Every structure is written in C-alpha cells, then in structure tokens.
file work-v3.cif (mmCIF, C-alpha atoms)
data_structure
loop_
_atom_site.label_atom_id
_atom_site.label_comp_id
_atom_site.auth_asym_id
_atom_site.auth_seq_id
_atom_site.Cartn_x
_atom_site.Cartn_y
_atom_site.Cartn_z
CA MET G 8 2.14 10.88 -0.48
CA LYS G 9 4.65 12.82 -2.52
CA GLN G 10 7.24 10.22 -1.57
CA SER G 11 6.21 7.69 -4.24
CA PRO G 12 9.11 8.44 -6.64
CA ARG G 13 11.55 8.03 -3.73
CA ILE G 14 9.88 4.81 -2.62
CA THR G 15 9.83 3.26 -6.08
CA ALA G 16 13.43 4.30 -6.79
CA HIS G 17 14.57 2.80 -3.50
CA HIS G 18 12.67 -0.41 -4.19
CA ALA G 19 14.15 -0.75 -7.68
CA GLU G 20 17.65 -0.08 -6.35
CA GLU G 21 17.35 -2.53 -3.47
CA PHE G 22 15.34 -5.34 -5.05
CA GLY G 23 15.33 -4.89 -8.81
CA ARG G 24 12.16 -5.77 -10.61
CA VAL G 25 10.33 -8.47 -8.69
CA SER G 26 7.36 -10.32 -10.11
CA LEU G 27 3.81 -9.12 -9.62
CA GLU G 28 3.13 -12.44 -7.91
CA THR G 29 5.80 -11.63 -5.32
CA LEU G 30 4.30 -8.20 -4.73
CA MET G 31 0.83 -9.70 -4.28
CA LEU G 32 2.18 -12.22 -1.77
CA LYS G 33 3.88 -9.39 0.13
CA LEU G 34 0.66 -7.37 0.16
CA THR G 35 -1.27 -10.38 1.44
CA GLU G 36 1.32 -10.85 4.19
CA GLU G 37 1.13 -7.21 5.25
CA VAL G 38 -2.68 -7.16 5.29
CA GLY G 39 -2.61 -10.30 7.45
CA GLU G 40 -0.27 -8.53 9.87
CA VAL G 41 -2.70 -5.59 10.09
CA ALA G 42 -5.52 -8.00 10.90
CA ALA G 43 -3.45 -9.83 13.52
CA ASP G 44 -2.43 -6.60 15.25
CA ILE G 45 -6.00 -5.32 15.31
CA TYR G 46 -7.12 -8.65 16.76
CA ARG G 47 -4.43 -8.31 19.44
CA ASP G 48 -5.60 -4.73 20.12
CA ASN G 49 -2.14 -3.39 19.21
CA ARG G 50 -3.17 -0.12 17.56
CA TRP G 51 0.32 1.30 17.04
CA LYS G 52 1.69 -1.86 15.46
CA ALA G 53 -1.39 -2.08 13.21
CA LEU G 54 -0.69 1.47 12.01
CA ASP G 55 2.90 0.49 11.22
CA GLU G 56 1.63 -2.44 9.18
CA ILE G 57 -0.86 -0.21 7.34
CA GLY G 58 2.15 1.90 6.39
CA ASP G 59 3.86 -1.23 5.06
CA CYS G 60 0.74 -1.97 2.99
CA LEU G 61 0.91 1.54 1.54
CA ILE G 62 4.53 1.01 0.54
CA VAL G 63 3.71 -2.25 -1.24
CA LEU G 64 0.71 -0.62 -2.94
CA THR G 65 2.91 2.27 -4.07
CA VAL G 66 5.34 -0.14 -5.69
CA LEU G 67 2.48 -2.16 -7.19
CA ALA G 68 0.96 0.97 -8.75
CA TYR G 69 4.37 1.85 -10.19
CA TYR G 70 4.62 -1.62 -11.74
CA LEU G 71 1.22 -0.98 -13.33
CA ASP G 72 2.52 2.32 -14.76
CA ALA G 73 0.60 4.57 -12.37
CA GLU G 74 1.37 6.94 -9.53
CA ILE G 75 -0.21 5.99 -6.22
CA GLU G 76 -1.40 9.59 -5.72
CA THR G 77 -3.44 9.40 -8.93
CA VAL G 78 -4.84 5.99 -8.02
CA PHE G 79 -5.84 7.31 -4.58
CA LYS G 80 -7.40 10.51 -5.95
CA ASP G 81 -9.45 8.58 -8.50
CA ALA G 82 -10.61 6.11 -5.82
CA ALA G 83 -11.49 8.96 -3.44
CA ASP G 84 -13.52 10.67 -6.15
CA ARG G 85 -15.42 7.43 -6.88
CA PHE G 86 -15.94 6.77 -3.17
CA CYS G 87 -17.25 10.28 -2.46
CA ALA G 88 -19.59 10.13 -5.45
CA ARG G 89 -21.31 7.00 -4.14
CA GLU G 90 -24.63 7.22 -2.40
CA PHE G 91 -24.83 4.94 0.60
CA GLN G 92 -28.10 3.83 2.10
#
call {"tool": "encode", "arguments": {"input": "work-v3.cif", "output": "structure tokens"}}
result
Amino acid sequence: MKQSPRITAHHAEEFGRVSLETLMLKLTEEVGEVAADIYRDNRWKALDEIGDCLIVLTVLAYYLDAEIETVFKDAADRFCAREFQ
C-alpha cells in the first residue's frame, strides 16, 4: 500500500478538500456496492469495489492525519493479538 501519498495527492488535486461527511457518504456507497456485488455473486466486481473502499479509506486516514499503512499495521497487530473462542 505504498501508494497512499500518490492517492492522497491525486485526490487533493482533483477534488480539493471535501468534508468528512462527504467521505463517509462515499464510503457507505462503496460498501453497499460490495454487498450488492457479493449478493449477485459477481466476485470480480466485488473486488473492484473493495479496492474503491480502500481508496476512500486511504483518503479518510489522510484527513485524520494518519497514513493508511500505519492504521492497517496497528489494526493487524490488535487483530492478531486477540484470542478467539
């Protein structure tokens, strides 16, 4: 995911600074598209939409003054440390 600086720079250049509300609506839209494609058994389209979710999450992390790689690593560490029963 070393593309996050490129993604955030492109987003800022193309769209400027949009509101967090707009980003949250976009994320909700993309997650809904993932769900719809899974329901329709369209695996490849669902994977495309997951990619779109990752882009929106990358921009959202940037807006919250974080790098998506750091957010992911921290979440992975927490996830792997959990004990599931």
call {"tool": "atom_distance", "arguments": {"input": "work-v3.cif", "atom1": "atom CA of G:Ala42", "atom2": "atom CA of G:Val63"}}
result
16.3 Å
call {"tool": "resolve_selection", "arguments": {"input": "work-v3.cif", "expression": "the PyMOL selection byres ((chain G and resi 75) around 8)", "output": "list of chain:residue names"}}
result
G:Met8, G:Ser11, G:Leu64, G:Thr65, G:Ala68, G:Tyr69, G:Ala73, G:Glu74, G:Glu76, G:Thr77, G:Val78, G:Phe79
call {"tool": "closest_residue", "arguments": {"input": "work-v3.cif", "among": "G:Glu37, G:Glu28, G:Asp81, G:Glu21", "to": "G:Ala53", "atoms": "only C-alpha atoms"}}
result
G:Glu37
call {"tool": "resolve_selection", "arguments": {"input": "work-v3.cif", "expression": "the PyMOL selection byres ((chain G and resi 41) around 12)", "output": "PDB file with C-alpha atoms, keeping the file's coordinate frame"}}
result
ATOM      1  CA  LEU G  34       0.660  -7.370   0.160  1.00  0.00           C
ATOM      2  CA  THR G  35      -1.270 -10.380   1.440  1.00  0.00           C
ATOM      3  CA  GLU G  36       1.320 -10.850   4.190  1.00  0.00           C
ATOM      4  CA  GLU G  37       1.130  -7.210   5.250  1.00  0.00           C
ATOM      5  CA  VAL G  38      -2.680  -7.160   5.290  1.00  0.00           C
ATOM      6  CA  GLY G  39      -2.610 -10.300   7.450  1.00  0.00           C
ATOM      7  CA  GLU G  40      -0.270  -8.530   9.870  1.00  0.00           C
ATOM      8  CA  ALA G  42      -5.520  -8.000  10.900  1.00  0.00           C
ATOM      9  CA  ALA G  43      -3.450  -9.830  13.520  1.00  0.00           C
ATOM     10  CA  ASP G  44      -2.430  -6.600  15.250  1.00  0.00           C
ATOM     11  CA  ILE G  45      -6.000  -5.320  15.310  1.00  0.00           C
ATOM     12  CA  TYR G  46      -7.120  -8.650  16.760  1.00  0.00           C
ATOM     13  CA  ARG G  47      -4.430  -8.310  19.440  1.00  0.00           C
ATOM     14  CA  ASP G  48      -5.600  -4.730  20.120  1.00  0.00           C
ATOM     15  CA  ASN G  49      -2.140  -3.390  19.210  1.00  0.00           C
ATOM     16  CA  ARG G  50      -3.170  -0.120  17.560  1.00  0.00           C
ATOM     17  CA  TRP G  51       0.320   1.300  17.040  1.00  0.00           C
ATOM     18  CA  LYS G  52       1.690  -1.860  15.460  1.00  0.00           C
ATOM     19  CA  ALA G  53      -1.390  -2.080  13.210  1.00  0.00           C
ATOM     20  CA  LEU G  54      -0.690   1.470  12.010  1.00  0.00           C
ATOM     21  CA  ASP G  55       2.900   0.490  11.220  1.00  0.00           C
ATOM     22  CA  GLU G  56       1.630  -2.440   9.180  1.00  0.00           C
ATOM     23  CA  ILE G  57      -0.860  -0.210   7.340  1.00  0.00           C
ATOM     24  CA  GLY G  58       2.150   1.900   6.390  1.00  0.00           C
ATOM     25  CA  ASP G  59       3.860  -1.230   5.060  1.00  0.00           C
ATOM     26  CA  CYS G  60       0.740  -1.970   2.990  1.00  0.00           C
ATOM     27  CA  LEU G  61       0.910   1.540   1.540  1.00  0.00           C
TER      28      LEU G  61
END
call {"tool": "atom_distance", "arguments": {"input": "work-v3.cif", "atom1": "atom CA of G:Lys33", "atom2": "atom CA of G:Gln10"}}
result
20.0 Å
call {"tool": "closest_residue", "arguments": {"input": "work-v3.cif", "among": "G:Lys80, G:Phe86, G:Leu32, G:Pro12", "to": "G:Val66", "atoms": "only C-alpha atoms"}}
result
G:Pro12
call {"tool": "atom_distance", "arguments": {"input": "work-v3.cif", "atom1": "atom CA of G:Cys87", "atom2": "atom CA of G:Asp72"}}
result
24.6 Å
call {"tool": "closest_residue", "arguments": {"input": "work-v3.cif", "among": "G:Ala88, G:Leu30, G:Val25, G:Ala83", "to": "G:Ile62", "atoms": "all atoms listed in the file"}}
result
G:Leu30
